[in-house]
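A.B. asks: One structure follows; several queries about it will come next.
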Amino acid sequence: MKTRIITLQFALFLRDIVARPDIEFSSLNADMLNIFDAMPQMIPVPRELPPEVPVVVLTSEKKEYTCNLSRSRVDFVLQRTSDDKSNSDLLKDFNAKVAGLVKSILSKQEVIRFGMVARYFHQDNDALQTLRKTFFSSAVDGAEELSLRFNKVTESFGYTVNDIHEIGVAEAVTNGKLEKGILIQRDINNLPMSGKHFDYKTLLELSKKYASRISENEIETLIK
């Protein structure tokens, strides 16, 4: 597998600060079909700390799924733990879990912003040269490090949506072997609108629409 998903993340930003996320979202695991089967971690975070600091961490025994609950946001992460599943299978699983997450959280709290982050590693022994040919001029010849960041902004369902690309040369351990390649991160998120929050249908439609942008084909197109 030359191009591999490393992690997929979906974040929900709450309109209001939740005093006790452990109580407010106590049904989340059941709503998501009990995928978090490891012992939850309760973190005694002082109220003086920023509200985005997690106070509850839910995980699966195999470390494939994690959900961080803070007083201002919820972050669900799917992590590749083996090569048993293809990238498309992982993305399909991720989308299904996100649908359950969105339904559960919106039944408890209003959400004003979402974020979707995909991290891929593309194996390439000549990664520097690949990036130079694709994105740079000969001015960077001889460089030992290359990376770039850019944002493509679109409009959807009345929202302004960022699509931030970060691409750079990296190394990763795959099946116990250190490999050279290109790390591609794609961070898709909307700008909040004053006085407006998501309904379930709109947020689900947005997540489905932009999930296509973090597919294997879309990622590989960036570096070809």
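If you're wondering about the labels, chains in the structure tokens are A, B, ... by order shown, residues count from 1 in each chain, ligands from 1 in order shown.
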Hey, what does DSSP flag as strand (DSSP E) within region 1-223 of chain A? Can you give it to me as a VMD selection string?

C.D. replies: chain A and resid 3 to 14 41 to 42 56 to 59 65 to 69 73 to 79 111 to 123 147 to 151 154 to 156 159 to 174 177 to 190

A.B. asks: Give me the residues near Val57 (chain A) as a PyMOL selection string, where near means some atom within 12 Å (using only C-alpha atoms) and where sequence neighbours in that chain fewer than 3 positions away do not count.

C.D. replies: chain A and resi 21-22+25-26+28-29+36-44+53-54+60+63+65-70+74-77

A.B. asks: Which one of A:Ile6, A:Leu12, A:Ala30, A:Ile164 sits closest to Ser86 (chain A) if you count only C-alpha atoms?

C.D. replies: A:Ile6

A.B. asks: Might you pull out every residue within 9 Å of Ala19 (chain A), with only C-alpha atoms counted and same-chain residues fewer than 5 positions away left off, and present them as an mmCIF file with N, CA and C atoms, in the first residue's frame?

C.D. replies:
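Everything below was put into part_15.cif:
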```cif
data_model
loop_
_atom_site.group_PDB
_atom_site.id
_atom_site.type_symbol
_atom_site.label_atom_id
_atom_site.label_comp_id
_atom_site.auth_asym_id
_atom_site.auth_seq_id
_atom_site.Cartn_x
_atom_site.Cartn_y
_atom_site.Cartn_z
ATOM 1 N N GLU A 24 -23.147 15.249 30.333
ATOM 2 C CA GLU A 24 -23.892 15.705 29.156
ATOM 3 C C GLU A 24 -23.851 14.687 28.026
ATOM 4 N N ARG A 47 -11.017 24.425 36.047
ATOM 5 C CA ARG A 47 -11.858 25.317 35.234
ATOM 6 C C ARG A 47 -11.076 26.483 34.641
ATOM 7 N N ARG A 71 -15.024 20.806 27.282
ATOM 8 C CA ARG A 71 -16.181 21.651 27.606
ATOM 9 C C ARG A 71 -16.651 22.479 26.416
#
```

A.B. asks: Between A:Val140, A:Leu8, A:Leu101, A:Leu206, which residue has the minimum interatomic distance to Val161 (chain A), considering only C-alpha atoms?

C.D. replies: A:Leu206

A.B. asks: Could you pull out the helix (DSSP H, G or I) residues of region 107-183 of chain A, going by DSSP on the backbone, and write them as an MDAnalysis selection string?

C.D. replies: chainID A and resid 127:135 138:140

A.B. asks: Measuring atom to atom with only C-alpha atoms, identify which of A:Phe150, A:Phe136, A:Phe121, A:Tyr159 is nearest to Ser194 (chain A).

C.D. replies: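 Checking each of A:Phe150, A:Phe136, A:Phe121, A:Tyr159 against Ser194 (chain A), counting only C-alpha atoms, the winner is A:Tyr159.
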
A.B. asks: Please provide as a PDB file with C-alpha atoms, in the first residue's frame all residues within 12 Å of Ala99 (chain A), with the sequence filter that same-chain residues fewer than 5 positions apart are discarded (counting only C-alpha atoms).

C.D. replies:
```pdb
ATOM      1  CA  PHE A  10     -13.916  14.845  12.941  1.00  0.00           C
ATOM      2  CA  ASP A  31     -25.360   5.956  20.605  1.00  0.00           C
ATOM      3  CA  MET A  32     -22.249   4.878  18.668  1.00  0.00           C
ATOM      4  CA  LEU A  33     -22.917   1.169  19.247  1.00  0.00           C
ATOM      5  CA  PHE A  76     -13.503  11.761  17.162  1.00  0.00           C
ATOM      6  CA  LYS A  92     -16.413   4.321   4.818  1.00  0.00           C
ATOM      7  CA  ASP A  93     -16.164   3.235   8.453  1.00  0.00           C
ATOM      8  CA  PHE A  94     -15.235   6.779   9.475  1.00  0.00           C
ATOM      9  CA  SER A 104     -25.784  12.027  19.321  1.00  0.00           C
ATOM     10  CA  ILE A 105     -24.053  15.365  19.973  1.00  0.00           C
ATOM     11  CA  LEU A 106     -26.714  17.468  18.242  1.00  0.00           C
ATOM     12  CA  TYR A 200     -28.553  17.495  11.780  1.00  0.00           C
ATOM     13  CA  LYS A 201     -29.389  17.272   8.075  1.00  0.00           C
ATOM     14  CA  THR A 202     -27.124  20.154   7.031  1.00  0.00           C
ATOM     15  CA  LEU A 203     -24.150  18.990   9.065  1.00  0.00           C
ATOM     16  CA  LEU A 204     -24.501  15.435   7.787  1.00  0.00           C
ATOM     17  CA  GLU A 205     -24.750  16.653   4.180  1.00  0.00           C
ATOM     18  CA  LEU A 206     -21.660  18.824   4.645  1.00  0.00           C
ATOM     19  CA  SER A 207     -19.639  15.991   6.156  1.00  0.00           C
ATOM     20  CA  LYS A 208     -20.624  13.643   3.325  1.00  0.00           C
ATOM     21  CA  ALA A 211     -15.498  13.479   2.861  1.00  0.00           C
TER      22      ALA A 211
END
```

A.B. asks: Within 8 Å of region 216-221 of chain A, which residues of region 51-148 of chain A come that close, and what is the closest atom pair and distance in Å for each? Count only C-alpha atoms and give it as CSV.

C.D. replies:
```
residue,atom,partner,partner_atom,distance
A:Asn87,CA,A:Glu216,CA,6.5
A:Ser88,CA,A:Glu216,CA,7.1
A:Tyr120,CA,A:Ile219,CA,7.7
```

A.B. asks: If we count only C-alpha atoms and set the cut-off at 12 Å, which residues sit around Ser72 (chain A), ignoring sequence neighbours fewer than 6 positions away in its own chain? Please answer as a VMD selection string.

C.D. replies: chain A and resid 11 to 21 24 49 to 55 105 109 to 113

A.B. asks: Go through A:Asn190, A:Asn34, A:Gln185, A:Ser137 and flag the residue nearest Ala118 (chain A), using only C-alpha atoms for the distances.

C.D. replies: A:Gln185

A.B. asks: Need the shell around Thr81 (chain A): protein/DNA/RNA residues with any atom at most 12 Å away, counting only C-alpha atoms. Skip same-chain ones fewer than 3 positions apart. Format as a CSV table (one decimal) with N, CA and C atoms, in the first residue's frame?

C.D. replies:
```
chain,number,residue,atom,x,y,z
A,4,ARG,N,-1.2,5.6,2.4
A,4,ARG,CA,-1.9,5.0,3.5
A,4,ARG,C,-2.6,6.1,4.4
A,5,ILE,N,-3.8,5.9,4.8
A,5,ILE,CA,-4.4,6.8,5.8
A,5,ILE,C,-3.7,6.5,7.1
A,6,ILE,N,-3.3,7.6,7.8
A,6,ILE,CA,-2.7,7.5,9.1
A,6,ILE,C,-3.8,7.7,10.2
A,7,THR,N,-4.5,8.9,10.1
A,7,THR,CA,-5.6,9.2,10.9
A,7,THR,C,-6.7,10.0,10.2
A,60,SER,N,-11.2,2.7,22.2
A,60,SER,CA,-11.5,1.3,21.9
A,60,SER,C,-10.3,0.5,22.4
A,61,GLU,N,-10.5,-0.8,22.7
A,61,GLU,CA,-9.4,-1.7,23.2
A,61,GLU,C,-8.3,-1.8,22.2
A,62,LYS,N,-8.6,-1.8,20.9
A,62,LYS,CA,-7.6,-1.9,19.8
A,62,LYS,C,-7.0,-0.6,19.4
A,63,LYS,N,-7.4,0.5,20.1
A,63,LYS,CA,-6.8,1.8,19.9
A,63,LYS,C,-7.3,2.4,18.5
A,64,GLU,N,-8.2,1.8,17.8
A,64,GLU,CA,-8.7,2.3,16.5
A,64,GLU,C,-9.5,3.5,16.6
A,65,TYR,N,-10.3,3.6,17.7
A,65,TYR,CA,-11.2,4.8,17.8
A,65,TYR,C,-10.9,5.5,19.1
A,78,LEU,N,-10.2,8.3,14.1
A,78,LEU,CA,-10.0,6.9,13.7
A,78,LEU,C,-8.6,6.8,13.3
A,84,ASP,N,-4.9,-4.3,7.4
A,84,ASP,CA,-6.0,-5.2,7.1
A,84,ASP,C,-7.1,-4.5,6.3
A,85,LYS,N,-7.3,-3.2,6.5
A,85,LYS,CA,-8.4,-2.5,5.8
A,85,LYS,C,-7.8,-1.5,4.7
A,86,SER,N,-8.4,-1.4,3.6
A,86,SER,CA,-8.0,-0.4,2.6
A,86,SER,C,-8.4,1.0,3.0
A,90,LEU,N,-11.6,2.2,5.4
A,90,LEU,CA,-11.4,3.1,6.6
A,90,LEU,C,-12.3,4.3,6.5
A,174,THR,N,6.4,1.9,8.9
A,174,THR,CA,5.3,1.0,8.3
A,174,THR,C,5.7,-0.4,8.5
A,175,ASN,N,4.9,-1.1,9.3
A,175,ASN,CA,5.2,-2.5,9.5
A,175,ASN,C,6.6,-2.7,10.1
```

A.B. asks: Tell me, in Å to one decimal, how far CA of Gly142 (chain A) is from CA of Lys180 (chain A).

C.D. replies: 17.5 Å

A.B. asks: Which one is closest to Ser107 (chain A): A:Met1, A:His122, A:Lys224, A:Phe198? Count only C-alpha atoms.

C.D. replies: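 Looking only at the distances to Ser107 (chain A), the closest residue turns out to be A:Phe198.
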